[in-house]
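Source file: query-v6.txt (compact mmCIF, C-alpha atoms)
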# COMPACT_ATOMS: atom_id res chain seq x y z
CA MET A 90 0.00 0.00 0.00
CA ASN A 91 1.46 3.39 -0.93
CA ALA A 92 0.70 6.84 0.44
CA GLU A 93 -1.84 7.54 -2.29
CA SER A 94 -3.86 4.40 -1.49
CA ILE A 95 -4.06 4.87 2.27
CA PRO A 96 -7.75 5.03 3.21
CA GLY A 97 -9.00 8.43 4.18
CA PRO A 98 -10.22 9.06 7.72
CA PRO A 99 -13.92 9.10 8.51
CA SER A 100 -15.89 12.31 8.82
CA ASN A 101 -15.22 14.31 11.99
CA SER A 102 -11.81 12.65 12.17
CA SER A 103 -8.51 13.74 13.64
CA VAL A 104 -7.79 15.88 10.56
CA ASP A 105 -11.17 17.63 10.68
CA ASN A 106 -10.78 18.33 14.39
CA LEU A 107 -7.26 19.69 13.92
CA LEU A 108 -8.33 21.97 11.08
CA ALA A 109 -11.37 23.27 12.96
CA GLY A 110 -9.42 23.79 16.16
CA ARG A 111 -6.62 25.64 14.41
CA GLU A 112 -9.10 27.96 12.69
CA ILE A 113 -10.66 28.79 16.05
CA LEU A 114 -7.27 29.49 17.63
CA LEU A 115 -6.07 31.64 14.72
CA ALA A 116 -9.34 33.57 14.72
CA ALA A 117 -8.73 34.37 18.37
CA CYS A 118 -5.43 35.97 17.30
CA SER A 119 -7.11 38.53 15.04
CA LYS A 120 -6.63 41.27 17.64
CA SER A 121 -3.90 39.84 19.85
CA MET A 122 -2.52 36.40 20.55
CA PRO A 123 -3.99 34.79 23.69
CA ARG A 124 -1.37 34.20 26.34
CA ASP A 125 -2.13 30.49 26.39
CA PHE A 126 -2.05 30.08 22.59
CA PRO A 127 1.18 27.99 22.61
CA GLN A 128 -0.29 25.55 25.12
CA GLN A 129 -3.64 25.34 23.32
CA MET A 130 -1.96 24.76 19.97
CA CYS A 131 0.22 22.07 21.50
CA ALA A 132 -2.81 20.33 23.02
CA LEU A 133 -4.58 20.46 19.66
CA VAL A 134 -1.67 18.75 17.89
CA ASP A 135 -1.36 16.22 20.73
CA ASN A 136 -5.02 15.32 20.25
CA TYR A 137 -4.42 14.90 16.52
CA PHE A 138 -1.64 12.36 17.06
CA GLU A 139 -3.58 10.48 19.75
CA SER A 140 -6.63 10.19 17.49
CA ARG A 141 -4.60 9.46 14.38
CA ILE A 142 -2.87 6.50 16.03
CA ARG A 143 -6.26 5.06 17.03
CA GLU A 144 -7.49 5.52 13.46
CA ALA A 145 -4.34 3.84 12.10
CA VAL A 146 -5.03 0.77 14.25
CA SER A 147 -8.69 0.65 13.23
CA LEU A 148 -7.70 0.85 9.54
CA GLY A 149 -5.04 -1.84 9.88
CA ILE A 150 -2.14 0.49 9.10
CA LEU A 151 -0.72 -0.24 12.56
CA SER A 152 -1.30 -3.59 14.23
CA SER A 153 -1.31 -2.34 17.81
CA HIS A 154 -0.96 0.79 19.91
CA GLU A 155 1.87 -1.01 21.70
CA ASP A 156 4.10 -1.29 18.62
CA LEU A 157 5.58 2.18 19.05
CA ALA A 158 5.47 5.49 20.90
CA ILE A 159 4.87 8.94 19.46
CA VAL A 160 7.18 11.36 21.28
CA ALA A 161 7.39 15.14 21.02
CA VAL A 162 10.89 16.64 21.00
CA GLY A 163 12.37 20.13 20.97
CA GLY A 164 9.99 23.05 21.39
CA TYR A 165 7.01 20.79 20.83
CA GLY A 166 8.40 18.56 23.56
CA ARG A 167 8.40 21.57 25.90
CA GLY A 168 4.67 21.95 25.28
CA HIS A 169 4.76 25.23 23.36
CA LEU A 170 3.78 25.80 19.72
CA ALA A 171 3.62 29.27 18.22
CA PRO A 172 1.49 29.71 15.06
CA PHE A 173 4.33 28.72 12.72
CA SER A 174 6.50 26.60 15.00
CA ASP A 175 8.08 23.40 13.76
CA ILE A 176 6.44 20.20 15.00
CA ASP A 177 9.26 17.78 15.76
CA VAL A 178 8.19 14.21 16.45
CA LEU A 179 10.00 10.96 17.12
CA ILE A 180 8.45 7.60 16.27
CA LEU A 181 10.11 5.43 18.89
CA THR A 182 9.96 1.72 18.12
CA ASP A 183 11.89 -1.52 18.35
CA LEU A 184 10.28 -2.74 15.13
CA ASP A 185 12.30 -2.99 11.95
CA VAL A 186 11.84 0.04 9.74
CA HIS A 187 9.75 -1.57 7.03
CA LYS A 188 6.93 -0.68 4.69
CA ASP A 189 4.29 -0.68 7.43
CA LEU A 190 6.08 2.10 9.29
CA GLU A 191 6.50 4.04 6.06
CA GLU A 192 2.75 3.81 5.57
CA LEU A 193 2.16 4.92 9.14
CA ALA A 194 4.51 7.89 8.75
CA SER A 195 2.64 8.92 5.61
CA TYR A 196 -0.69 8.53 7.39
CA LEU A 197 0.49 10.64 10.33
CA PHE A 198 2.39 13.39 8.57
CA TYR A 199 0.91 13.95 5.10
CA PRO A 200 -2.23 15.64 6.51
CA LEU A 201 -0.03 17.97 8.55
CA TRP A 202 2.05 18.88 5.52
CA ASP A 203 -1.15 19.44 3.53
CA LEU A 204 -2.25 21.87 6.25
CA LYS A 205 1.12 23.67 5.88
CA PHE A 206 2.54 22.58 9.21
CA ASP A 207 6.33 22.34 9.23
CA VAL A 208 6.90 18.81 10.53
CA GLY A 209 10.19 17.09 11.26
CA HIS A 210 10.24 13.43 12.23
CA GLY A 211 12.52 10.49 12.82
CA VAL A 212 11.92 6.75 13.19
CA ARG A 213 14.41 5.18 15.59
CA ASP A 214 14.68 2.72 18.43
CA VAL A 215 16.09 3.58 21.85
CA LYS A 216 19.61 2.37 21.05
CA GLN A 217 19.77 4.34 17.81
CA ASN A 218 18.74 7.52 19.63
CA LEU A 219 21.45 7.04 22.23
CA GLU A 220 24.18 6.38 19.67
CA LEU A 221 23.17 9.37 17.54
CA ALA A 222 23.02 11.66 20.57
CA LYS A 223 26.63 10.80 21.42
CA GLU A 224 27.74 11.83 17.92
CA ASP A 225 25.36 14.64 16.99
CA PHE A 226 24.82 17.50 19.43
CA LYS A 227 21.63 18.60 17.69
CA VAL A 228 20.13 15.18 18.38
CA LEU A 229 21.40 15.42 21.95
CA ALA A 230 19.75 18.82 22.36
CA SER A 231 16.44 17.58 20.95
CA LEU A 232 16.39 14.68 23.42
CA LEU A 233 16.66 17.08 26.36
CA ASP A 234 12.97 17.87 25.85
CA LEU A 235 10.99 14.65 25.47
CA ARG A 236 7.26 14.34 26.01
CA TYR A 237 5.06 11.29 25.57
CA ILE A 238 2.07 11.73 23.27
CA ALA A 239 0.62 8.35 22.30
CA GLY A 240 1.29 4.65 21.86
CA ALA A 241 3.47 2.42 24.02
CA GLU A 242 4.81 3.99 27.20
CA GLU A 243 7.59 1.46 27.90
CA PRO A 244 10.10 2.62 25.23
CA PHE A 245 9.37 6.23 26.16
CA ARG A 246 10.22 5.52 29.81
CA ARG A 247 13.44 3.80 28.78
CA LEU A 248 14.75 6.55 26.53
CA PRO A 249 15.17 9.42 29.03
CA ASN A 250 16.51 7.08 31.71
CA GLU A 251 19.14 5.59 29.42
CA PHE A 252 19.86 9.01 27.91
CA ARG A 253 20.77 10.36 31.35
CA SER A 254 22.85 7.32 32.29
CA GLU A 255 24.60 6.60 28.98
CA VAL A 256 24.77 9.81 26.94
CA LEU A 257 25.17 12.73 29.34
CA PRO A 258 28.19 11.26 31.19
CA VAL A 259 29.91 10.72 27.82
CA ALA A 260 28.89 13.77 25.77
CA GLY A 261 27.33 16.20 28.24
CA ASP A 262 30.49 18.13 29.14
CA ASP A 263 31.54 18.63 25.51
CA PHE A 264 28.02 19.67 24.57
CA CYS A 265 27.91 22.33 27.31
CA ARG A 266 31.41 23.56 26.45
CA ILE A 267 30.69 23.97 22.74
CA LEU A 268 27.31 25.55 23.42
CA TRP A 269 28.94 28.06 25.76
CA GLU A 270 31.71 28.82 23.26
CA ASN A 271 29.22 29.41 20.45
CA ARG A 272 27.10 31.71 22.57
CA SER A 273 30.16 33.58 23.81
CA LYS A 274 31.36 34.14 20.23
CA ALA A 275 27.91 35.35 19.20
CA GLY A 276 27.90 37.91 22.00
CA LYS A 277 31.50 39.11 21.68
CA GLY A 278 31.67 42.86 21.23
CA MET A 279 27.89 43.17 21.49
CA ASP A 280 27.41 43.77 25.21
CA SER A 281 24.87 46.52 24.60
CA VAL A 282 22.78 44.41 22.22
CA VAL A 283 20.03 42.10 23.39
CA LEU A 284 20.61 38.89 21.48
CA GLU A 285 17.60 36.93 20.31
CA PRO A 286 17.94 33.14 20.55
CA ASP A 287 18.06 31.15 17.32
CA LEU A 288 14.92 29.14 17.94
CA LYS A 289 15.06 27.19 14.69
CA ASP A 290 18.72 26.26 14.31
CA GLY A 291 20.09 26.77 17.80
CA TRP A 292 20.97 23.79 19.98
CA GLY A 293 19.58 24.97 23.28
Please re-express this file's structure in structure tokens.
Amino acid sequence: MNAESIPGPPSNSSVDNLLAGREILLAACSKSMPRDFPQQMCALVDNYFESRIREAVSLGILSSHEDLAIVAVGGYGRGHLAPFSDIDVLILTDLDVHKDLEELASYLFYPLWDLKFDVGHGVRDVKQNLELAKEDFKVLASLLDLRYIAGAEEPFRRLPNEFRSEVLPVAGDDFCRILWENRSKAGKGMDSVVLEPDLKDGWG
């Protein structure tokens, strides 16, 4: 089954609810953005993923809720989404990356792309995340903010525990040193300037 042949969701589905909820939230911003907009937007996207996983099981795209976990990382993991924030998601699974997971990824993410959300995602098991985090500081930074959304809880519980015990003792000092050096260089000679954080490409 390819992305084009994936069955569409029923009426009043996760996609409909996401679209309607986003329109309501954006309409509320016509005069000024509500203070709790980032939390409301985050909850709306959370609900989409929770519902979408249930729909995937009912349609046979995913055999069980327990096959994987949907995990928010980065800013989304911190529970805040501005109107045009990236939605960064990790599909955490011990299953082999095979066609079924490709179909699931299409089912989860194509509707978001169609709605012009900027979505980044990865499909990895716990061990792969740990190994990548030791080598890639951007992966390490993203794993500092993990939040469970849907699916199996067991791999989600394992990841932060093993991240703290296996990755931070090995790579944590170098990560902090390089982050400090980069920020120090950015601020050199600009003491009177208020520096804005690089929310998209920054590590922290």
Discussion item. Please determine, counting all atoms listed in the file, which residue among A:Leu221, A:Ala241, A:Pro172, A:Leu233 has the shortest atom-to-atom distance to Cys118 in chain A.
Written reply: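 The answer is A:Pro172, which sits nearest to Cys118 in chain A.
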Fill in: Point-to-point distance from CA of Asp207 in chain A to CA of Leu235 in chain A, Å rounded to tenths
18.6 Å
Item to complete: Have a look at A:Leu107, A:Leu179, A:Ala158, A:Ala171 and name the one nearest to Pro123 in chain A; count only C-alpha atoms.
Response: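 Using only C-alpha atoms, the shortest distance to Pro123 in chain A belongs to A:Ala171.
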Discussion item. Give me, as a VMD selection string, all polymer residues having an atom no more than 10 Å from Val134 in chain A, counting all atoms listed in the file and skipping those fewer than 6 positions away in the same chain.
Written reply: chain A and resid 103 to 104 106 to 107 110 to 111 140 165 170 176 201 238
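For the atom pair formed by CA of Gly240 in chain A and CA of Glu192 in chain A, the distance is 16.4 Å, given to one decimal.
CA of Pro244 in chain A lies 29.7 Å from CA of Leu204 in chain A.
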Worksheet, complete the sentence: Counting all atoms listed in the file, closest pick from A:Phe138, A:Ser121, A:Arg246, A:Val162 relative to Pro200 in chain A is A:Phe138
Discussion item. I need the residue nearest Asp203 in chain A from this list: A:Val256, A:Leu108, A:Ala117, A:Ile150. Use only C-alpha atoms for the distance.
Written reply: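 Nearest to Asp203 in chain A: A:Leu108.
You can rank A:Leu157, A:Ile142, A:Leu114, A:Val178 by their closest distance to Gln129 in chain A using only C-alpha atoms, and at the top of that list sits A:Leu114.
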